[in-house]
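**Student:** Next comes work11.cif, mmCIF, C-alpha atoms:
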```cif
data_structure
loop_
_atom_site.group_PDB
_atom_site.id
_atom_site.type_symbol
_atom_site.label_atom_id
_atom_site.label_comp_id
_atom_site.auth_asym_id
_atom_site.auth_seq_id
_atom_site.Cartn_x
_atom_site.Cartn_y
_atom_site.Cartn_z
ATOM 1 C CA MET A 275 -74.125 51.383 19.245
ATOM 2 C CA GLN A 276 -73.769 50.708 15.553
ATOM 3 C CA THR A 277 -75.691 53.526 13.822
ATOM 4 C CA ILE A 278 -76.190 57.271 14.086
ATOM 5 C CA LYS A 279 -79.924 56.634 14.518
ATOM 6 C CA GLU A 280 -79.103 54.805 17.761
ATOM 7 C CA LEU A 281 -76.859 57.653 18.925
ATOM 8 C CA VAL A 282 -79.512 60.275 18.113
ATOM 9 C CA GLU A 283 -82.009 58.232 20.132
ATOM 10 C CA LEU A 284 -79.547 58.120 23.048
ATOM 11 C CA ILE A 285 -78.984 61.889 22.976
ATOM 12 C CA THR A 286 -82.723 62.629 22.670
ATOM 13 C CA LEU A 287 -84.036 62.926 26.221
ATOM 14 C CA LYS A 288 -87.364 62.054 27.803
ATOM 15 C CA LYS A 289 -89.230 65.137 29.025
ATOM 16 C CA ILE A 290 -90.214 64.832 32.708
ATOM 17 C CA GLU A 291 -91.275 68.427 33.361
ATOM 18 C CA GLU A 292 -90.976 71.713 31.461
ATOM 19 C CA THR A 293 -87.272 72.086 32.309
ATOM 20 C CA ILE A 294 -86.396 68.565 33.526
ATOM 21 C CA PHE A 295 -85.316 65.720 31.251
ATOM 22 C CA GLU A 296 -83.998 62.180 31.613
ATOM 23 C CA GLY A 297 -81.479 60.229 29.547
ATOM 24 C CA GLN A 298 -80.082 56.723 29.361
ATOM 25 C CA ASN A 299 -76.427 55.688 29.084
ATOM 26 C CA TYR A 300 -74.166 54.269 26.429
ATOM 27 C CA GLN A 301 -72.683 51.176 28.060
ATOM 28 C CA ALA A 302 -69.073 52.300 27.685
ATOM 29 C CA PRO A 303 -66.526 49.457 27.891
ATOM 30 C CA TRP A 304 -64.377 51.458 30.327
ATOM 31 C CA GLY A 305 -67.118 51.229 32.960
ATOM 32 C CA ARG A 306 -68.027 54.921 33.454
ATOM 33 C CA VAL A 307 -70.452 57.238 31.688
ATOM 34 C CA PHE A 308 -68.756 58.701 28.598
ATOM 35 C CA GLY A 309 -68.130 62.432 28.973
ATOM 36 C CA GLY A 310 -69.154 63.129 25.385
ATOM 37 C CA GLN A 311 -72.550 61.577 26.097
ATOM 38 C CA VAL A 312 -73.193 63.924 29.037
ATOM 39 C CA LEU A 313 -72.051 66.918 26.966
ATOM 40 C CA ALA A 314 -74.389 66.014 24.110
ATOM 41 C CA GLN A 315 -77.364 65.231 26.336
ATOM 42 C CA SER A 316 -76.883 68.435 28.361
ATOM 43 C CA LEU A 317 -76.822 70.476 25.160
ATOM 44 C CA HIS A 318 -79.960 68.645 24.004
ATOM 45 C CA ALA A 319 -81.702 69.477 27.289
ATOM 46 C CA ALA A 320 -80.792 73.154 26.976
ATOM 47 C CA TYR A 321 -82.002 73.258 23.362
ATOM 48 C CA GLN A 322 -85.466 72.085 24.462
ATOM 49 C CA THR A 323 -85.943 75.334 26.421
ATOM 50 C CA VAL A 324 -84.745 77.969 23.924
ATOM 51 C CA PRO A 325 -86.616 79.658 21.034
ATOM 52 C CA GLU A 326 -86.276 77.885 17.681
ATOM 53 C CA ASP A 327 -84.431 80.841 16.112
ATOM 54 C CA ARG A 328 -81.490 80.479 18.557
ATOM 55 C CA ILE A 329 -78.411 78.381 17.763
ATOM 56 C CA ALA A 330 -75.810 77.337 20.344
ATOM 57 C CA HIS A 331 -72.547 79.267 19.990
ATOM 58 C CA SER A 332 -70.728 78.071 23.121
ATOM 59 C CA LEU A 333 -70.865 75.708 26.063
ATOM 60 C CA HIS A 334 -68.678 75.288 29.133
ATOM 61 C CA GLY A 335 -69.029 72.162 31.243
ATOM 62 C CA TYR A 336 -67.473 70.750 34.426
ATOM 63 C CA PHE A 337 -67.380 67.045 35.227
ATOM 64 C CA ILE A 338 -67.974 66.734 38.976
ATOM 65 C CA LEU A 339 -68.283 62.972 39.508
ATOM 66 C CA GLY A 340 -67.880 59.929 37.318
ATOM 67 C CA GLY A 341 -71.286 58.789 36.087
ATOM 68 C CA ASP A 342 -72.633 55.334 36.984
ATOM 69 C CA LEU A 343 -73.756 53.318 33.963
ATOM 70 C CA ARG A 344 -76.476 51.585 35.967
ATOM 71 C CA TYR A 345 -78.621 54.676 36.526
ATOM 72 C CA PRO A 346 -80.338 57.155 34.182
ATOM 73 C CA ILE A 347 -79.239 60.788 34.265
ATOM 74 C CA ARG A 348 -81.622 63.603 35.142
ATOM 75 C CA TYR A 349 -80.978 66.957 33.456
ATOM 76 C CA GLU A 350 -82.323 70.084 35.167
ATOM 77 C CA VAL A 351 -82.280 73.277 33.085
ATOM 78 C CA ASP A 352 -82.138 76.729 34.632
ATOM 79 C CA THR A 353 -83.595 79.291 32.184
ATOM 80 C CA ILE A 354 -81.246 82.066 33.279
ATOM 81 C CA ARG A 355 -81.901 84.694 30.609
ATOM 82 C CA ASN A 356 -83.859 85.286 27.408
ATOM 83 C CA GLY A 357 -82.407 88.354 25.692
ATOM 84 C CA GLY A 358 -83.113 90.068 22.404
ATOM 85 C CA SER A 359 -80.466 88.092 20.530
ATOM 86 C CA PHE A 360 -78.796 85.879 23.187
ATOM 87 C CA THR A 361 -80.257 83.171 25.405
ATOM 88 C CA THR A 362 -78.392 81.711 28.400
ATOM 89 C CA ARG A 363 -79.013 78.351 30.061
ATOM 90 C CA ARG A 364 -77.487 76.357 32.896
ATOM 91 C CA VAL A 365 -77.828 72.568 33.011
ATOM 92 C CA VAL A 366 -77.118 70.331 35.995
ATOM 93 C CA ALA A 367 -76.899 66.585 35.375
ATOM 94 C CA LYS A 368 -77.737 64.374 38.373
ATOM 95 C CA GLN A 369 -77.775 60.718 39.312
ATOM 96 C CA ASN A 370 -79.674 59.654 42.426
ATOM 97 C CA GLY A 371 -80.077 63.325 43.359
ATOM 98 C CA VAL A 372 -76.330 64.043 43.248
ATOM 99 C CA ALA A 373 -74.811 66.408 40.665
ATOM 100 C CA ILE A 374 -72.271 64.738 38.366
ATOM 101 C CA PHE A 375 -71.933 67.531 35.763
ATOM 102 C CA ASN A 376 -72.915 71.142 35.210
ATOM 103 C CA MET A 377 -72.838 73.237 32.063
ATOM 104 C CA ALA A 378 -73.472 76.805 30.966
ATOM 105 C CA ALA A 379 -74.553 77.273 27.352
ATOM 106 C CA SER A 380 -75.259 80.365 25.273
ATOM 107 C CA PHE A 381 -77.471 80.602 22.189
ATOM 108 C CA GLN A 382 -77.688 83.385 19.610
ATOM 109 C CA VAL A 383 -79.880 84.549 16.773
ATOM 110 C CA LYS A 384 -77.883 84.325 13.512
ATOM 111 C CA THR A 385 -76.537 87.731 12.479
ATOM 112 C CA ASP A 386 -74.115 89.098 9.870
ATOM 113 C CA GLY A 387 -70.704 90.438 10.891
ATOM 114 C CA VAL A 388 -66.983 90.498 10.143
ATOM 115 C CA ASN A 389 -65.325 87.182 9.349
ATOM 116 C CA HIS A 390 -61.807 85.736 9.700
ATOM 117 C CA GLN A 391 -60.137 82.500 10.792
ATOM 118 C CA PHE A 392 -56.802 80.687 10.971
ATOM 119 C CA PRO A 393 -56.152 78.496 7.899
ATOM 120 C CA MET A 394 -56.604 74.730 8.086
ATOM 121 C CA PRO A 395 -53.383 72.668 8.364
ATOM 122 C CA ASN A 396 -52.268 71.123 5.078
ATOM 123 C CA LEU A 397 -52.584 67.427 5.911
ATOM 124 C CA ILE A 398 -53.170 64.102 4.151
ATOM 125 C CA PRO A 399 -56.804 63.863 2.965
ATOM 126 C CA PRO A 400 -59.029 61.112 4.404
ATOM 127 C CA GLU A 401 -59.192 59.154 1.141
ATOM 128 C CA LYS A 402 -55.490 58.281 1.535
ATOM 129 C CA LEU A 403 -55.717 57.198 5.180
ATOM 130 C CA THR A 404 -56.801 54.067 7.020
ATOM 131 C CA THR A 405 -59.416 54.079 9.768
ATOM 132 C CA SER A 406 -58.578 53.858 13.456
ATOM 133 C CA LEU A 407 -60.061 50.347 13.499
ATOM 134 C CA GLU A 408 -57.763 49.307 10.651
ATOM 135 C CA GLN A 409 -54.761 50.825 12.423
ATOM 136 C CA VAL A 410 -55.621 48.907 15.582
ATOM 137 C CA GLU A 411 -55.579 45.627 13.626
ATOM 138 C CA GLU A 412 -51.956 46.334 12.690
ATOM 139 C CA ILE A 413 -50.814 45.892 16.315
ATOM 140 C CA LYS A 414 -52.820 42.738 17.046
ATOM 141 C CA ASP A 415 -49.755 40.482 17.301
ATOM 142 C CA LEU A 416 -47.159 43.070 18.372
ATOM 143 C CA HIS A 417 -49.109 44.527 21.310
ATOM 144 C CA PRO A 418 -51.978 42.088 22.097
ATOM 145 C CA THR A 419 -52.990 43.753 25.389
ATOM 146 C CA ALA A 420 -53.155 47.220 23.861
ATOM 147 C CA TYR A 421 -54.938 45.768 20.825
ATOM 148 C CA LYS A 422 -57.713 44.275 22.938
ATOM 149 C CA ARG A 423 -58.234 47.506 24.883
ATOM 150 C CA LEU A 424 -58.109 49.834 21.868
ATOM 151 C CA LYS A 425 -60.415 47.693 19.746
ATOM 152 C CA ALA A 426 -63.017 47.684 22.522
ATOM 153 C CA ILE A 427 -63.146 51.481 22.808
ATOM 154 C CA GLN A 428 -63.195 52.400 19.114
ATOM 155 C CA PRO A 429 -66.620 53.935 18.322
ATOM 156 C CA LYS A 430 -68.726 52.362 15.578
ATOM 157 C CA VAL A 431 -71.059 55.315 15.037
ATOM 158 C CA PHE A 432 -68.226 57.592 13.861
ATOM 159 C CA GLU A 433 -65.503 56.861 11.347
ATOM 160 C CA PHE A 434 -62.099 58.195 12.419
ATOM 161 C CA LYS A 435 -59.106 58.385 10.080
ATOM 162 C CA PRO A 436 -56.031 59.493 12.070
ATOM 163 C CA VAL A 437 -53.389 61.393 10.111
ATOM 164 C CA GLU A 438 -50.647 60.174 12.443
ATOM 165 C CA LYS A 439 -50.213 56.484 13.350
ATOM 166 C CA PHE A 440 -51.960 56.716 16.689
ATOM 167 C CA THR A 441 -51.101 53.148 17.678
ATOM 168 C CA THR A 442 -47.398 54.084 17.566
ATOM 169 C CA GLN A 443 -48.065 57.313 19.456
ATOM 170 C CA LEU A 444 -49.635 55.391 22.323
ATOM 171 C CA VAL A 445 -46.439 53.375 22.825
ATOM 172 C CA GLU A 446 -43.605 55.836 22.197
ATOM 173 C CA ASN A 447 -43.074 59.413 23.414
ATOM 174 C CA GLY A 448 -43.841 62.031 20.789
ATOM 175 C CA SER A 449 -45.027 65.562 20.166
ATOM 176 C CA PRO A 450 -48.321 66.753 21.706
ATOM 177 C CA PHE A 451 -50.126 67.030 18.376
ATOM 178 C CA PHE A 452 -52.804 64.770 16.909
ATOM 179 C CA ASN A 453 -54.982 65.122 13.819
ATOM 180 C CA THR A 454 -57.856 62.955 12.728
ATOM 181 C CA TRP A 455 -60.600 63.151 10.139
ATOM 182 C CA LEU A 456 -64.052 62.193 11.378
ATOM 183 C CA LYS A 457 -67.606 61.835 10.157
ATOM 184 C CA THR A 458 -70.690 59.813 10.979
ATOM 185 C CA SER A 459 -70.556 56.191 9.862
ATOM 186 C CA ASP A 460 -73.766 56.590 7.871
ATOM 187 C CA ALA A 461 -75.363 59.498 6.048
ATOM 188 C CA THR A 462 -78.575 60.699 7.671
ATOM 189 C CA GLU A 463 -80.333 64.041 7.396
ATOM 190 C CA ILE A 464 -79.682 65.815 10.701
ATOM 191 C CA SER A 465 -80.832 69.214 11.986
ATOM 192 C CA LEU A 466 -78.189 71.803 12.952
ATOM 193 C CA PRO A 467 -78.910 71.508 16.713
ATOM 194 C CA MET A 468 -78.424 67.733 16.520
ATOM 195 C CA GLN A 469 -75.295 68.235 14.392
ATOM 196 C CA GLN A 470 -73.887 70.273 17.276
ATOM 197 C CA GLN A 471 -74.906 67.629 19.806
ATOM 198 C CA LEU A 472 -73.209 64.903 17.749
ATOM 199 C CA LEU A 473 -70.045 66.983 17.458
ATOM 200 C CA ALA A 474 -70.105 67.570 21.228
ATOM 201 C CA TYR A 475 -70.255 63.786 21.662
ATOM 202 C CA ALA A 476 -67.395 63.132 19.212
ATOM 203 C CA SER A 477 -65.218 65.967 20.524
ATOM 204 C CA ASP A 478 -64.423 63.995 23.692
ATOM 205 C CA TYR A 479 -62.598 61.313 21.676
ATOM 206 C CA ASN A 480 -58.780 61.650 21.443
ATOM 207 C CA LEU A 481 -58.597 65.107 23.042
ATOM 208 C CA LEU A 482 -57.168 64.220 26.463
ATOM 209 C CA THR A 483 -55.064 61.519 24.799
ATOM 210 C CA THR A 484 -53.209 64.289 22.966
ATOM 211 C CA ALA A 485 -51.903 65.565 26.319
ATOM 212 C CA THR A 486 -50.419 62.134 27.063
ATOM 213 C CA LEU A 487 -48.353 61.821 23.877
ATOM 214 C CA PRO A 488 -45.051 63.291 25.206
ATOM 215 C CA HIS A 489 -45.302 60.985 28.249
ATOM 216 C CA ARG A 490 -46.448 57.602 26.938
ATOM 217 C CA GLU A 491 -43.383 55.634 28.015
ATOM 218 C CA GLU A 492 -43.741 56.842 31.613
ATOM 219 C CA LEU A 493 -47.536 56.578 31.742
ATOM 220 C CA ASN A 494 -47.484 53.063 30.273
ATOM 221 C CA LYS A 495 -45.279 51.725 33.081
ATOM 222 C CA GLY A 496 -48.210 51.398 35.478
ATOM 223 C CA GLU A 497 -51.854 52.165 35.992
ATOM 224 C CA THR A 498 -52.946 55.716 35.122
ATOM 225 C CA PHE A 499 -56.418 57.086 35.834
ATOM 226 C CA TYR A 500 -57.854 59.374 33.148
ATOM 227 C CA ALA A 501 -60.927 61.573 33.562
ATOM 228 C CA SER A 502 -62.267 64.718 31.916
ATOM 229 C CA LEU A 503 -62.416 67.670 34.310
ATOM 230 C CA ASP A 504 -63.917 70.359 32.097
ATOM 231 C CA HIS A 505 -64.802 70.790 28.439
ATOM 232 C CA ALA A 506 -65.656 73.832 26.332
ATOM 233 C CA ILE A 507 -66.876 74.158 22.746
ATOM 234 C CA TRP A 508 -67.372 77.227 20.569
ATOM 235 C CA PHE A 509 -69.516 76.706 17.464
ATOM 236 C CA HIS A 510 -68.346 79.237 14.869
ATOM 237 C CA ARG A 511 -70.116 78.207 11.669
ATOM 238 C CA ASP A 512 -72.583 75.639 10.316
ATOM 239 C CA PHE A 513 -71.249 72.225 9.292
ATOM 240 C CA ASP A 514 -72.273 68.763 8.154
ATOM 241 C CA ILE A 515 -70.950 65.967 10.375
ATOM 242 C CA THR A 516 -72.022 63.336 7.829
ATOM 243 C CA LYS A 517 -69.096 64.600 5.704
ATOM 244 C CA TRP A 518 -65.406 64.614 6.626
ATOM 245 C CA LEU A 519 -64.284 67.091 9.270
ATOM 246 C CA LEU A 520 -60.676 67.560 10.392
ATOM 247 C CA TYR A 521 -60.183 67.542 14.166
ATOM 248 C CA SER A 522 -56.745 69.112 14.728
ATOM 249 C CA MET A 523 -55.600 68.846 18.362
ATOM 250 C CA ASP A 524 -52.627 70.010 20.421
ATOM 251 C CA SER A 525 -51.661 70.094 24.090
ATOM 252 C CA PRO A 526 -49.780 73.211 25.266
ATOM 253 C CA SER A 527 -49.352 71.992 28.848
ATOM 254 C CA ALA A 528 -49.453 69.105 31.307
ATOM 255 C CA SER A 529 -48.797 69.626 35.036
ATOM 256 C CA ASN A 530 -50.074 68.743 38.510
ATOM 257 C CA SER A 531 -51.603 65.473 37.194
ATOM 258 C CA ARG A 532 -53.650 67.467 34.663
ATOM 259 C CA GLY A 533 -53.379 67.655 30.894
ATOM 260 C CA PHE A 534 -54.714 70.568 28.835
ATOM 261 C CA ALA A 535 -55.644 70.113 25.174
ATOM 262 C CA ARG A 536 -57.243 72.198 22.410
ATOM 263 C CA GLY A 537 -58.934 71.264 19.178
ATOM 264 C CA SER A 538 -59.898 73.035 15.959
ATOM 265 C CA VAL A 539 -62.560 71.507 13.705
ATOM 266 C CA TYR A 540 -62.498 72.271 9.964
ATOM 267 C CA ASP A 541 -64.653 71.120 7.062
ATOM 268 C CA ARG A 542 -63.211 69.871 3.752
ATOM 269 C CA LYS A 543 -63.171 73.425 2.344
ATOM 270 C CA GLY A 544 -60.938 74.570 5.202
ATOM 271 C CA VAL A 545 -63.679 76.458 7.038
ATOM 272 C CA LEU A 546 -63.157 76.560 10.817
ATOM 273 C CA VAL A 547 -66.491 75.362 12.205
ATOM 274 C CA ALA A 548 -65.711 74.854 15.910
ATOM 275 C CA SER A 549 -63.047 75.167 18.597
ATOM 276 C CA VAL A 550 -62.674 72.877 21.606
ATOM 277 C CA ALA A 551 -60.706 72.976 24.865
ATOM 278 C CA GLN A 552 -60.446 70.446 27.649
ATOM 279 C CA GLU A 553 -58.506 69.764 30.828
ATOM 280 C CA GLY A 554 -58.357 66.244 32.183
ATOM 281 C CA LEU A 555 -56.913 64.254 35.033
ATOM 282 C CA MET A 556 -53.927 62.016 34.264
ATOM 283 C CA ARG A 557 -53.142 60.570 37.698
ATOM 284 C CA GLN A 558 -50.654 57.754 38.028
ATOM 285 C CA SER A 559 -51.236 55.136 40.690
ATOM 286 C CA ILE A 560 -48.775 55.172 43.579
ATOM 287 C CA GLN A 561 -46.525 52.160 43.264
#
```
Mind turning the file's structure into structure tokens?
**Tutor:**
Amino acid sequence: MQTIKELVELITLKKIEETIFEGQNYQAPWGRVFGGQVLAQSLHAAYQTVPEDRIAHSLHGYFILGGDLRYPIRYEVDTIRNGGSFTTRRVVAKQNGVAIFNMAASFQVKTDGVNHQFPMPNLIPPEKLTTSLEQVEEIKDLHPTAYKRLKAIQPKVFEFKPVEKFTTQLVENGSPFFNTWLKTSDATEISLPMQQQLLAYASDYNLLTTATLPHREELNKGETFYASLDHAIWFHRDFDITKWLLYSMDSPSASNSRGFARGSVYDRKGVLVASVAQEGLMRQSIQ
């Protein structure tokens, strides 16, 4: 995919029945369905069944099986509850009749209330940073194998500008912190529900990687299998993903072949617009 229009088309599902939808797959170079795609498409499916005055405020998803790129995904929505101000939905994603993902999502009518947040970290602004694609080019001769792999997986539809040199972090052990600016690669007018779906898609990039940073030298010695296990997002405030957002990530823990990571998403004014949490599998092959 090269443009946001193509990504929006991918996320937008075909309606099969009133609460059943079908989606196609991004042909991910790593050979499995991208977790961010399933998150975004599941949220899209849920949105098709809620009143127009409701906006998603949270979602909690579990990845059950790795998706097969060869088959479309069927999304079945359970309309659990329609309340006065909250609406609850459950989505099960299936391939060939087998569940590969399930998600609970909650939607709310916008209301006024008290307001506070943690401040945004004081970091280098995006104008002074190079893109992830440009950083990958810097290791072309020094680490040719890593260069080939990293270049293949860098998304074209989003522009990422890492604050830290992520190519160095993937080679040497370091602290479990990673910050990157992100926005869509082109400016297109996008509705708030689709903004949330695009952020859900992008939020799966770099998050589990943050949990690997203190262990790169050990993990790089052999084959390691990575897979998202669960993923949660809380949408706090409106945002514009066509403009720079800071995705500030950390990993408080890794144990039992699992890594846990969190992310805070801020706009350029320092407004906290979303929070993310994920646990993923980091299983080393037995030598």
**Student:** Written as JSON, numbers by chain, which residues does the PyMOL selection byres ((chain A and resi 436) around 7) give for the file shown?
**Tutor:** {"A": [405, 406, 434, 435, 437, 438, 439, 440, 453, 454, 455]}
**Student:** Could you please determine the separation between CA of Trp518 in chain A and CA of Pro400 in chain A in Å, to one decimal place?
**Tutor:**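 Answer for the CA of Trp518 in chain A to CA of Pro400 in chain A separation: 7.6 Å.
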**Student:** Would you tabulate, counting all atoms listed in the file, all residues of range 437-554 of chain A that have an atom at most 12 Å from an atom of range 408-432 of chain A, showing the closest pair of atoms and their distance in Å to one decimal, sorted by chain then ascending number, as a tab-separated table?
**Tutor:**
```
residue	atom	partner	partner_atom	distance
A:Val437	CA	A:Gln409	CA	10.9
A:Glu438	CA	A:Gln409	CA	10.2
A:Lys439	CA	A:Gln409	CA	7.3
A:Phe440	CA	A:Gln409	CA	7.8
A:Thr441	CA	A:Val410	CA	6.5
A:Thr442	CA	A:Ile413	CA	9.0
A:Gln443	CA	A:Gln409	CA	11.7
A:Leu444	CA	A:Ala420	CA	9.0
A:Val445	CA	A:Ala420	CA	9.2
A:Thr454	CA	A:Phe432	CA	11.7
A:Trp455	CA	A:Phe432	CA	10.1
A:Leu456	CA	A:Phe432	CA	6.7
A:Lys457	CA	A:Phe432	CA	5.7
A:Thr458	CA	A:Phe432	CA	4.4
A:Ser459	CA	A:Phe432	CA	4.8
A:Asp460	CA	A:Val431	CA	7.8
A:Ala461	CA	A:Phe432	CA	10.8
A:Thr462	CA	A:Val431	CA	11.8
A:Leu472	CA	A:Phe432	CA	9.7
A:Leu473	CA	A:Phe432	CA	10.2
A:Tyr475	CA	A:Phe432	CA	10.2
A:Ala476	CA	A:Phe432	CA	7.7
A:Ser477	CA	A:Phe432	CA	11.1
A:Asp478	CA	A:Pro429	CA	11.6
A:Tyr479	CA	A:Pro429	CA	9.0
A:Asn480	CA	A:Gln428	CA	10.5
A:Asn494	CA	A:Ala420	CA	10.4
A:Ile515	CA	A:Phe432	CA	9.5
A:Thr516	CA	A:Phe432	CA	9.2
A:Lys517	CA	A:Phe432	CA	10.8
A:Trp518	CA	A:Phe432	CA	10.5
A:Leu519	CA	A:Phe432	CA	11.3
```
**Student:** Next, the residues of the selection above should be written as an mmCIF file, keeping the file's coordinate frame with C-alpha atoms.
**Tutor:**
```
data_model
loop_
_atom_site.group_PDB
_atom_site.id
_atom_site.type_symbol
_atom_site.label_atom_id
_atom_site.label_comp_id
_atom_site.auth_asym_id
_atom_site.auth_seq_id
_atom_site.Cartn_x
_atom_site.Cartn_y
_atom_site.Cartn_z
ATOM 1 C CA VAL A 437 -53.389 61.393 10.111
ATOM 2 C CA GLU A 438 -50.647 60.174 12.443
ATOM 3 C CA LYS A 439 -50.213 56.484 13.350
ATOM 4 C CA PHE A 440 -51.960 56.716 16.689
ATOM 5 C CA THR A 441 -51.101 53.148 17.678
ATOM 6 C CA THR A 442 -47.398 54.084 17.566
ATOM 7 C CA GLN A 443 -48.065 57.313 19.456
ATOM 8 C CA LEU A 444 -49.635 55.391 22.323
ATOM 9 C CA VAL A 445 -46.439 53.375 22.825
ATOM 10 C CA THR A 454 -57.856 62.955 12.728
ATOM 11 C CA TRP A 455 -60.600 63.151 10.139
ATOM 12 C CA LEU A 456 -64.052 62.193 11.378
ATOM 13 C CA LYS A 457 -67.606 61.835 10.157
ATOM 14 C CA THR A 458 -70.690 59.813 10.979
ATOM 15 C CA SER A 459 -70.556 56.191 9.862
ATOM 16 C CA ASP A 460 -73.766 56.590 7.871
ATOM 17 C CA ALA A 461 -75.363 59.498 6.048
ATOM 18 C CA THR A 462 -78.575 60.699 7.671
ATOM 19 C CA LEU A 472 -73.209 64.903 17.749
ATOM 20 C CA LEU A 473 -70.045 66.983 17.458
ATOM 21 C CA TYR A 475 -70.255 63.786 21.662
ATOM 22 C CA ALA A 476 -67.395 63.132 19.212
ATOM 23 C CA SER A 477 -65.218 65.967 20.524
ATOM 24 C CA ASP A 478 -64.423 63.995 23.692
ATOM 25 C CA TYR A 479 -62.598 61.313 21.676
ATOM 26 C CA ASN A 480 -58.780 61.650 21.443
ATOM 27 C CA ASN A 494 -47.484 53.063 30.273
ATOM 28 C CA ILE A 515 -70.950 65.967 10.375
ATOM 29 C CA THR A 516 -72.022 63.336 7.829
ATOM 30 C CA LYS A 517 -69.096 64.600 5.704
ATOM 31 C CA TRP A 518 -65.406 64.614 6.626
ATOM 32 C CA LEU A 519 -64.284 67.091 9.270
#
```
**Student:** Using only C-alpha atoms, which protein or nucleic acid residues come within 12 Å of Gln391 in chain A? Drop anything in the same chain fewer than 4 positions from it, and give the result as an mmCIF file with C-alpha atoms, keeping the file's coordinate frame.
**Tutor:**
```cif
data_model
loop_
_atom_site.group_PDB
_atom_site.id
_atom_site.type_symbol
_atom_site.label_atom_id
_atom_site.label_comp_id
_atom_site.auth_asym_id
_atom_site.auth_seq_id
_atom_site.Cartn_x
_atom_site.Cartn_y
_atom_site.Cartn_z
ATOM 1 C CA HIS A 510 -68.346 79.237 14.869
ATOM 2 C CA ARG A 511 -70.116 78.207 11.669
ATOM 3 C CA SER A 538 -59.898 73.035 15.959
ATOM 4 C CA VAL A 539 -62.560 71.507 13.705
ATOM 5 C CA TYR A 540 -62.498 72.271 9.964
ATOM 6 C CA GLY A 544 -60.938 74.570 5.202
ATOM 7 C CA VAL A 545 -63.679 76.458 7.038
ATOM 8 C CA LEU A 546 -63.157 76.560 10.817
ATOM 9 C CA VAL A 547 -66.491 75.362 12.205
ATOM 10 C CA ALA A 548 -65.711 74.854 15.910
ATOM 11 C CA SER A 549 -63.047 75.167 18.597
#
```
**Student:** If you measure from CA of Phe375 in chain A to CA of Ala314 in chain A, what distance in Å do you get, rounded to one decimal?
**Tutor:** 12.0 Å
**Student:** What is the CA of His505 in chain A to CA of Leu333 in chain A distance in Å?
**Tutor:** 8.2 Å
**Student:** Using all atoms listed in the file, find the one residue out of A:Glu401, A:Glu463, A:Asp327, A:Glu433 that sits nearest to Lys279 in chain A.
**Tutor:**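 Of all the options, A:Glu463 lies closest to Lys279 in chain A.
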**Student:** List, as a list in words, every residue that the PyMOL selection byres ((chain A and resi 381) around 10) selects in the file provided.
**Tutor:**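 Written out, the selection comes to Ala320, Tyr321, Val324, Pro325, Asp327, Arg328, Ile329, Ala330, His331, Ser332, Leu333, Asn356, Gly357, Ser359, Phe360, Thr361, Thr362, Arg363, Ala379, Ser380, Gln382, Val383 and Lys384 of chain A.
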**Student:** Using all atoms listed in the file, which of A:Phe499, A:Phe451, A:Phe513, A:Tyr336 sits nearest Arg557 in chain A?
**Tutor:** A:Phe499
**Student:** Starting from the PyMOL selection byres ((chain A and resi 448) around 9), expand the selection into actual residues of this file and give them as a list in words.
**Tutor:**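 Checked against the file, the PyMOL selection byres ((chain A and resi 448) around 9) matches Gln443, Leu444, Glu446, Asn447, Ser449, Pro450, Phe451, Leu487, Pro488, His489 and Arg490 of chain A.
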**Student:** Could you check the closest approach to Ala302 in chain A for each of A:Glu350, A:Asp512, A:Glu491, A:Asp342 and tell me which residue wins, using all atoms listed in the file?
**Tutor:**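 Ranking A:Glu350, A:Asp512, A:Glu491, A:Asp342 by distance to Ala302 in chain A, first place goes to A:Asp342.
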**Student:** What's the 9 Å shell around range 368-370 of chain A, counting all atoms listed in the file, without same-chain residues fewer than 5 positions away, as a list in words?
**Tutor:**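 What passes the distance filter is Gly341, Asp342, Tyr345, Pro346, Ile347, Arg348, Tyr349, Glu350, Phe375 and Asn376 of chain A.
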